[in-house]
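Novice: File follows, entry05.cif with mmCIF, C-alpha atoms:
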```cif
data_structure
#
loop_
_atom_site.label_atom_id
_atom_site.label_comp_id
_atom_site.auth_asym_id
_atom_site.auth_seq_id
_atom_site.Cartn_x
_atom_site.Cartn_y
_atom_site.Cartn_z
CA MET M 28 207.59 191.38 245.77
CA ARG M 29 204.65 189.53 244.23
CA VAL M 30 206.58 188.99 240.98
CA MET M 31 209.37 187.36 242.99
CA TYR M 32 206.91 184.94 244.56
CA THR M 33 205.35 184.13 241.17
CA SER M 34 208.76 183.53 239.60
CA THR M 35 209.66 181.12 242.39
CA LEU M 36 206.47 179.16 241.77
CA CYS M 37 207.26 179.02 238.04
CA VAL M 38 210.57 177.24 238.54
CA SER M 39 209.38 175.10 241.45
CA SER M 40 206.21 173.61 239.98
CA GLU M 41 206.02 169.97 238.99
CA ASN M 42 204.26 170.42 235.65
CA ASN M 43 206.79 171.78 233.14
CA PRO M 44 209.58 173.84 234.80
CA THR M 45 212.12 173.43 231.99
CA SER M 46 215.46 175.18 231.62
CA GLY M 47 214.07 177.14 228.66
CA GLN M 48 212.14 179.48 230.94
CA ILE M 49 215.05 180.60 233.15
CA LEU M 50 216.29 183.48 230.98
CA PRO M 51 212.79 184.84 230.16
CA ILE M 52 211.97 184.88 233.88
CA LEU M 53 215.24 186.66 234.66
CA LYS M 54 214.45 189.24 231.99
CA LYS M 55 211.06 189.85 233.58
CA LEU M 56 212.68 190.28 236.98
CA GLU M 57 215.27 192.66 235.57
CA MET M 58 212.53 194.88 234.12
CA HIS M 59 210.58 194.77 237.38
CA PHE M 60 213.55 195.63 239.59
CA THR M 61 214.89 198.42 237.38
CA VAL M 62 214.97 201.68 239.37
CA THR M 63 212.61 204.34 238.04
CA ASP M 64 212.31 208.05 238.77
CA GLY M 65 209.16 207.66 240.86
CA ASP M 66 210.70 205.16 243.31
CA THR M 67 211.30 206.18 246.89
CA VAL M 68 214.72 205.78 248.47
CA PHE M 69 213.59 202.60 250.25
CA VAL M 70 212.12 201.03 247.10
CA SER M 71 215.15 202.06 245.05
CA ASN M 72 217.57 200.48 247.51
CA LEU M 73 215.44 197.34 247.71
CA LYS M 74 215.39 196.94 243.94
CA LYS M 75 219.15 197.41 243.74
CA GLN M 76 219.78 194.83 246.45
CA VAL M 77 217.46 192.22 244.93
CA TRP M 78 218.64 192.59 241.36
CA GLY M 79 222.24 192.87 242.49
CA ASN M 80 221.88 189.37 243.91
CA LEU M 81 219.94 187.92 240.98
CA SER M 82 222.25 189.37 238.33
CA LYS M 83 225.12 187.25 239.66
CA ARG M 84 223.32 184.01 238.77
CA TYR M 85 223.99 181.97 235.62
CA GLN M 86 227.03 184.07 234.64
CA SER M 87 229.21 181.15 233.50
CA ASP M 88 229.68 181.25 229.73
CA LYS M 89 228.92 177.54 229.43
CA ILE M 90 225.73 177.73 231.49
CA ARG M 91 224.65 180.94 229.76
CA SER M 92 225.08 179.37 226.33
CA PHE M 93 223.11 176.31 227.39
CA LEU M 94 220.24 178.43 228.72
CA GLU M 95 220.16 180.55 225.55
CA GLU M 96 219.91 177.43 223.40
CA ALA M 97 217.25 175.97 225.71
CA THR M 98 215.23 179.18 225.41
CA ALA M 99 215.49 179.10 221.63
CA LEU M 100 214.25 175.50 221.57
CA ASP M 101 211.35 176.28 223.89
CA PRO M 102 208.39 177.11 221.58
CA ARG M 103 206.92 179.34 224.31
CA PHE M 104 209.90 181.72 224.38
CA LYS M 105 211.77 181.16 221.10
CA GLN M 106 211.00 184.69 219.87
CA LYS M 107 213.27 186.10 222.58
CA MET M 108 216.25 184.65 220.68
CA ASP M 109 215.21 185.81 217.20
CA ASP M 110 217.84 188.57 217.16
CA ASN M 111 220.62 186.32 218.48
CA ALA M 112 221.92 184.59 215.36
CA ALA M 113 224.83 183.06 217.27
CA VAL M 114 222.43 180.91 219.31
CA TRP M 115 220.82 179.37 216.21
CA ASP M 116 224.25 178.80 214.66
CA ARG M 117 225.35 176.96 217.80
CA ILE M 118 222.24 174.77 217.73
CA LYS M 119 222.83 173.87 214.09
CA GLY M 120 226.52 173.23 214.69
CA LYS M 121 225.86 171.00 217.70
CA PHE M 122 223.36 168.88 215.81
CA LEU M 123 225.70 168.46 212.85
CA ALA M 124 228.56 167.54 215.19
CA LYS M 125 226.36 165.03 217.02
CA ASN M 126 225.18 163.50 213.75
CA LEU M 127 228.77 163.20 212.52
CA THR M 128 229.80 161.50 215.77
CA ASP M 129 226.90 159.05 215.55
CA SER M 130 227.82 158.25 211.95
CA GLU M 131 231.41 157.55 212.92
CA LYS M 132 230.27 155.28 215.74
CA SER M 133 227.99 153.31 213.44
CA THR M 134 230.84 152.99 210.92
CA ASP M 135 233.16 151.70 213.64
CA LEU M 136 230.56 149.12 214.65
CA ASP M 137 230.09 148.00 211.05
CA CYS M 138 233.86 147.67 210.53
CA GLY M 139 234.79 146.56 214.04
CA GLY M 140 237.04 143.73 215.12
CA ASP M 141 234.10 141.43 215.82
CA GLY M 142 233.44 140.85 212.15
CA ASP M 143 233.92 137.07 212.34
CA GLU M 144 231.49 136.80 215.23
CA ASN M 145 228.96 138.94 213.39
CA MET M 146 229.27 136.77 210.27
CA GLU M 147 228.78 133.60 212.33
CA GLY M 148 225.68 135.14 213.92
CA MET M 149 224.29 136.09 210.52
CA GLU M 150 224.95 132.61 209.13
CA SER M 151 223.25 130.91 212.09
CA GLU M 152 220.29 133.28 211.76
CA ALA M 153 220.03 132.48 208.05
CA GLU M 154 220.03 128.76 208.81
CA GLU M 155 217.26 129.24 211.36
CA ASN M 156 215.24 131.19 208.83
CA LYS M 157 215.60 128.35 206.34
CA MET M 158 214.40 125.87 208.93
CA HIS M 159 211.51 128.12 209.99
CA PRO M 160 210.57 130.20 206.95
CA CYS M 161 208.39 133.20 207.68
CA LYS M 162 204.87 132.86 206.41
CA THR M 163 203.75 135.48 203.95
CA PRO M 164 200.75 137.28 205.43
CA LYS M 165 197.55 136.51 203.61
CA MET M 166 196.26 139.38 201.55
CA THR M 167 192.86 140.84 202.25
CA PRO M 168 190.28 140.67 199.44
CA LEU M 169 190.80 144.37 198.74
CA GLU M 170 194.58 143.93 198.54
CA GLU M 171 194.17 140.94 196.24
CA LEU M 172 191.81 142.84 193.97
CA PHE M 173 194.17 145.83 193.57
CA ALA M 174 197.48 143.94 193.83
CA ASP M 175 198.58 144.93 190.33
CA GLU M 176 198.01 148.61 191.02
CA ASP M 177 199.77 148.41 194.35
CA ALA M 178 202.77 146.81 192.65
CA GLN M 179 202.94 149.69 190.18
CA LYS M 180 202.51 152.33 192.86
CA VAL M 181 205.19 154.95 192.54
CA THR M 182 206.76 155.62 195.89
CA PRO M 183 207.47 159.26 196.76
CA GLN M 184 210.90 160.21 195.54
CA GLN M 185 213.26 160.72 198.41
CA HIS M 186 214.79 164.14 198.41
CA SER M 187 218.54 163.98 198.30
CA MET M 188 218.71 166.61 201.02
CA SER M 189 221.78 166.69 203.19
CA ILE M 190 221.55 166.77 206.97
CA GLN M 191 222.72 170.39 206.97
CA ASP M 192 220.01 171.43 204.51
CA GLN M 193 217.40 169.53 206.55
CA VAL M 194 218.42 171.29 209.77
CA GLU M 195 218.41 174.70 208.08
CA LYS M 196 214.95 174.01 206.65
CA GLU M 197 213.58 172.97 210.06
CA LEU M 198 215.14 176.00 211.74
CA HIS M 199 213.57 178.32 209.17
CA MET M 200 210.14 176.71 209.62
CA TYR M 201 210.42 176.73 213.40
CA LYS M 202 211.49 180.38 213.63
CA ALA M 203 208.68 181.44 211.27
CA MET M 204 205.88 179.74 213.19
CA PRO M 205 204.09 181.68 215.97
CA ARG M 206 205.02 180.87 219.54
CA ILE M 207 202.73 178.73 221.67
CA VAL M 208 201.09 180.03 224.85
CA THR M 209 202.98 179.67 228.11
CA SER M 210 200.36 177.33 229.56
CA ASP M 211 201.30 174.63 227.01
CA ASP M 212 203.85 171.92 227.75
CA ALA M 213 206.93 172.52 225.60
CA ALA M 214 208.11 168.89 225.72
CA ALA M 215 204.65 167.61 224.77
CA TRP M 216 204.56 170.08 221.86
CA TRP M 217 207.86 168.78 220.52
CA TRP M 218 206.64 165.20 220.88
CA ASN M 219 203.55 165.98 218.80
CA MET M 220 205.67 167.80 216.20
CA ARG M 221 208.49 165.23 216.00
CA THR M 222 207.50 164.17 212.48
CA THR M 223 207.55 167.78 211.26
CA TYR M 224 210.85 168.61 212.98
CA PRO M 225 212.72 165.28 213.28
CA CYS M 226 216.12 166.90 213.71
CA LEU M 227 215.15 169.79 215.98
CA SER M 228 212.90 167.66 218.20
CA ASP M 229 215.83 165.38 218.91
CA MET M 230 217.86 168.39 220.03
CA ALA M 231 214.99 169.97 221.96
CA PHE M 232 214.43 166.90 224.16
CA SER M 233 218.07 166.98 225.27
CA TYR M 234 217.59 170.57 226.51
CA LEU M 235 214.03 170.60 227.82
CA CYS M 236 214.55 167.49 229.95
CA VAL M 237 216.70 169.69 232.23
CA GLN M 238 214.53 171.09 235.00
CA ALA M 239 214.52 174.76 235.92
CA SER M 240 215.32 173.94 239.56
CA SER M 241 216.02 170.96 241.81
CA THR M 242 212.73 171.36 243.66
CA PRO M 243 210.76 168.68 241.75
CA SER M 244 213.51 166.10 242.21
CA GLU M 245 213.78 166.98 245.90
CA ARG M 246 210.07 166.30 246.24
CA VAL M 247 210.72 162.79 244.95
CA PHE M 248 212.99 162.16 247.95
CA SER M 249 210.25 163.42 250.25
CA THR M 250 207.74 161.09 248.60
CA ALA M 251 210.16 158.20 248.96
CA GLY M 252 210.54 159.04 252.66
CA ASP M 253 206.77 158.96 253.09
CA THR M 254 206.54 155.67 251.19
CA ILE M 255 209.32 153.80 252.99
CA CYS M 256 208.33 154.59 256.57
CA ALA M 257 208.87 152.61 259.76
CA GLU M 258 205.59 150.73 259.29
CA ARG M 259 206.66 149.63 255.79
CA SER M 260 210.35 148.98 256.39
CA ARG M 261 210.22 145.55 254.73
CA ILE M 262 208.93 146.82 251.41
CA LEU M 263 210.98 145.58 248.45
CA PRO M 264 213.07 148.16 246.53
CA GLU M 265 211.29 147.31 243.26
CA LYS M 266 207.89 147.91 244.80
CA ALA M 267 209.06 151.16 246.41
CA ASP M 268 210.24 152.37 242.99
CA MET M 269 206.86 151.56 241.46
CA LEU M 270 204.95 153.32 244.24
CA VAL M 271 207.04 156.49 243.95
CA PHE M 272 206.73 156.44 240.15
CA LEU M 273 202.96 156.05 240.32
CA ASN M 274 202.67 158.79 242.91
CA LYS M 275 204.55 161.28 240.73
CA ASN M 276 203.04 160.33 237.39
CA CYS M 277 199.45 159.24 238.01
CA PHE M 278 198.13 161.71 240.60
#
```
Once more with this new file: its structure as structure tokens, please.

Specialist:
Amino acid sequence: MRVMYTSTLCVSSENNPTSGQILPILKKLEMHFTVTDGDTVFVSNLKKQVWGNLSKRYQSDKIRSFLEEATALDPRFKQKMDDNAAVWDRIKGKFLAKNLTDSEKSTDLDCGGDGDENMEGMESEAEENKMHPCKTPKMTPLEELFADEDAQKVTPQQHSMSIQDQVEKELHMYKAMPRIVTSDDAAAWWWNMRTTYPCLSDMAFSYLCVQASSTPSERVFSTAGDTICAERSRILPEKADMLVFLNKNCF
């Protein structure tokens, strides 16, 4: 039962227990609790009982799909979804749908009913700018010396790549790269790679922010109970929030 204890620690730790590790852990448990020919009757029955209980978890289609996508976007376990093309298609489709929705919202805001108010705000801002013109920052000697060359500098030509092509390119690059070791923080990895994968990193954060279990959040309530005790009953809510935040993020 050691593997059971280790799996519990994996999803209950406070470091990086993300939803992307649920399915890989379940797969490990399934392999461990599979009945083999050399098992005794007691061990065989024990394995059947344990896996019979675990196999009933996360069976909802919606939850299962979410966990598959979270596993694919976890750079520690992404290779486990290499053969599941439907998962990558869902990820691409969800990003495109989200991008389309965001574009429609921005269009509605640009063409909304508050156009007159927006125009008045822009006019007042323009008048203020005339009254208080922004000072042009003074050039450094090096900038002044090479000003003519800087003016003629050819900016990199922007690729007229559609959002769909960009997502497909990032998916291809991401699937081709080797996985990171399990000791690394998946969210921190995506943060460091956000310039390389701007589209995928945005999607990954929405999945990896979901914890593998409620244990870390339950510990926050315990910490709050220790902070706001009878001897400190008059502590202000704002200060209590800061103390709990510091306790969970600085120690």

Novice: I need the output of the PyMOL selection byres ((chain M and resi 77) around 10) for this file as a count of residues only; which residues are they?

Specialist: 15

Novice: Take the PyMOL selection byres ((chain M and resi 99-101) around 8), run it mentally on this structure, and tell me the resulting residues as a PyMOL selection string.

Specialist: chain M and resi 47-48+95-98+102-108+114-115+213+231+234-235

Novice: Provide the CA of Ile262 in chain M to CA of Lys275 in chain M distance in Å, to one decimal place.

Specialist: 18.5 Å

Novice: For a test of reading the model, state the distance in Å between CA of Ile255 in chain M and CA of Asn276 in chain M, rounded to one decimal.

Specialist: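 Distance between the two atoms: 18.0 Å.
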
Novice: One number please: CA of Lys196 in chain M to CA of Ile52 in chain M, in Å, one decimal.

Specialist: 29.5 Å

Novice: Apply the PyMOL selection byres ((chain M and resi 227) around 9) to the structure shown and report the selected residues as a JSON list (two decimals) with C-alpha atoms, keeping the file's coordinate frame.

Specialist:
```
[["chain", "number", "residue", "atom", "x", "y", "z"],
["M", 100, "LEU", "CA", 214.25, 175.50, 221.57],
["M", 118, "ILE", "CA", 222.24, 174.77, 217.73],
["M", 119, "LYS", "CA", 222.83, 173.87, 214.09],
["M", 122, "PHE", "CA", 223.36, 168.88, 215.81],
["M", 194, "VAL", "CA", 218.42, 171.29, 209.77],
["M", 197, "GLU", "CA", 213.58, 172.97, 210.06],
["M", 198, "LEU", "CA", 215.14, 176.00, 211.74],
["M", 201, "TYR", "CA", 210.42, 176.73, 213.40],
["M", 217, "TRP", "CA", 207.86, 168.78, 220.52],
["M", 221, "ARG", "CA", 208.49, 165.23, 216.00],
["M", 224, "TYR", "CA", 210.85, 168.61, 212.98],
["M", 225, "PRO", "CA", 212.72, 165.28, 213.28],
["M", 226, "CYS", "CA", 216.12, 166.90, 213.71],
["M", 228, "SER", "CA", 212.90, 167.66, 218.20],
["M", 229, "ASP", "CA", 215.83, 165.38, 218.91],
["M", 230, "MET", "CA", 217.86, 168.39, 220.03],
["M", 231, "ALA", "CA", 214.99, 169.97, 221.96],
["M", 232, "PHE", "CA", 214.43, 166.90, 224.16]]
```

Novice: If you count all atoms listed in the file, which residues fall within 12 Å of Pro243 in chain M, apart from same-chain ones fewer than 6 positions away, as a PDB file with C-alpha atoms, in the frame of the given file?

Specialist:
```
ATOM      1  CA  LEU M  36     206.470 179.160 241.770  1.00  0.00           C
ATOM      2  CA  CYS M  37     207.260 179.020 238.040  1.00  0.00           C
ATOM      3  CA  VAL M  38     210.570 177.240 238.540  1.00  0.00           C
ATOM      4  CA  SER M  39     209.380 175.100 241.450  1.00  0.00           C
ATOM      5  CA  SER M  40     206.210 173.610 239.980  1.00  0.00           C
ATOM      6  CA  GLU M  41     206.020 169.970 238.990  1.00  0.00           C
ATOM      7  CA  ASN M  42     204.260 170.420 235.650  1.00  0.00           C
ATOM      8  CA  ASN M  43     206.790 171.780 233.140  1.00  0.00           C
ATOM      9  CA  PRO M  44     209.580 173.840 234.800  1.00  0.00           C
ATOM     10  CA  THR M  45     212.120 173.430 231.990  1.00  0.00           C
ATOM     11  CA  VAL M 237     216.700 169.690 232.230  1.00  0.00           C
ATOM     12  CA  SER M 249     210.250 163.420 250.250  1.00  0.00           C
ATOM     13  CA  THR M 250     207.740 161.090 248.600  1.00  0.00           C
ATOM     14  CA  LYS M 275     204.550 161.280 240.730  1.00  0.00           C
TER      15      LYS M 275
END
```

Novice: From the set M:Ser189, M:Ser87, M:Thr209, M:Ser244, which residue has the shortest atom-to-atom contact distance to Pro51 in chain M, counting only C-alpha atoms?

Specialist: M:Thr209

Novice: So that all listed atoms of range 166-177 of chain M fit with 8 Å spare on each side, what axis-aligned box centre and edge lengths in Å, to one decimal, would you give as lines of an AutoDock Vina configuration file?

Specialist:
```
center_x = 195.0
center_y = 144.0
center_z = 196.3
size_x = 25.5
size_y = 25.2
size_z = 27.9
```
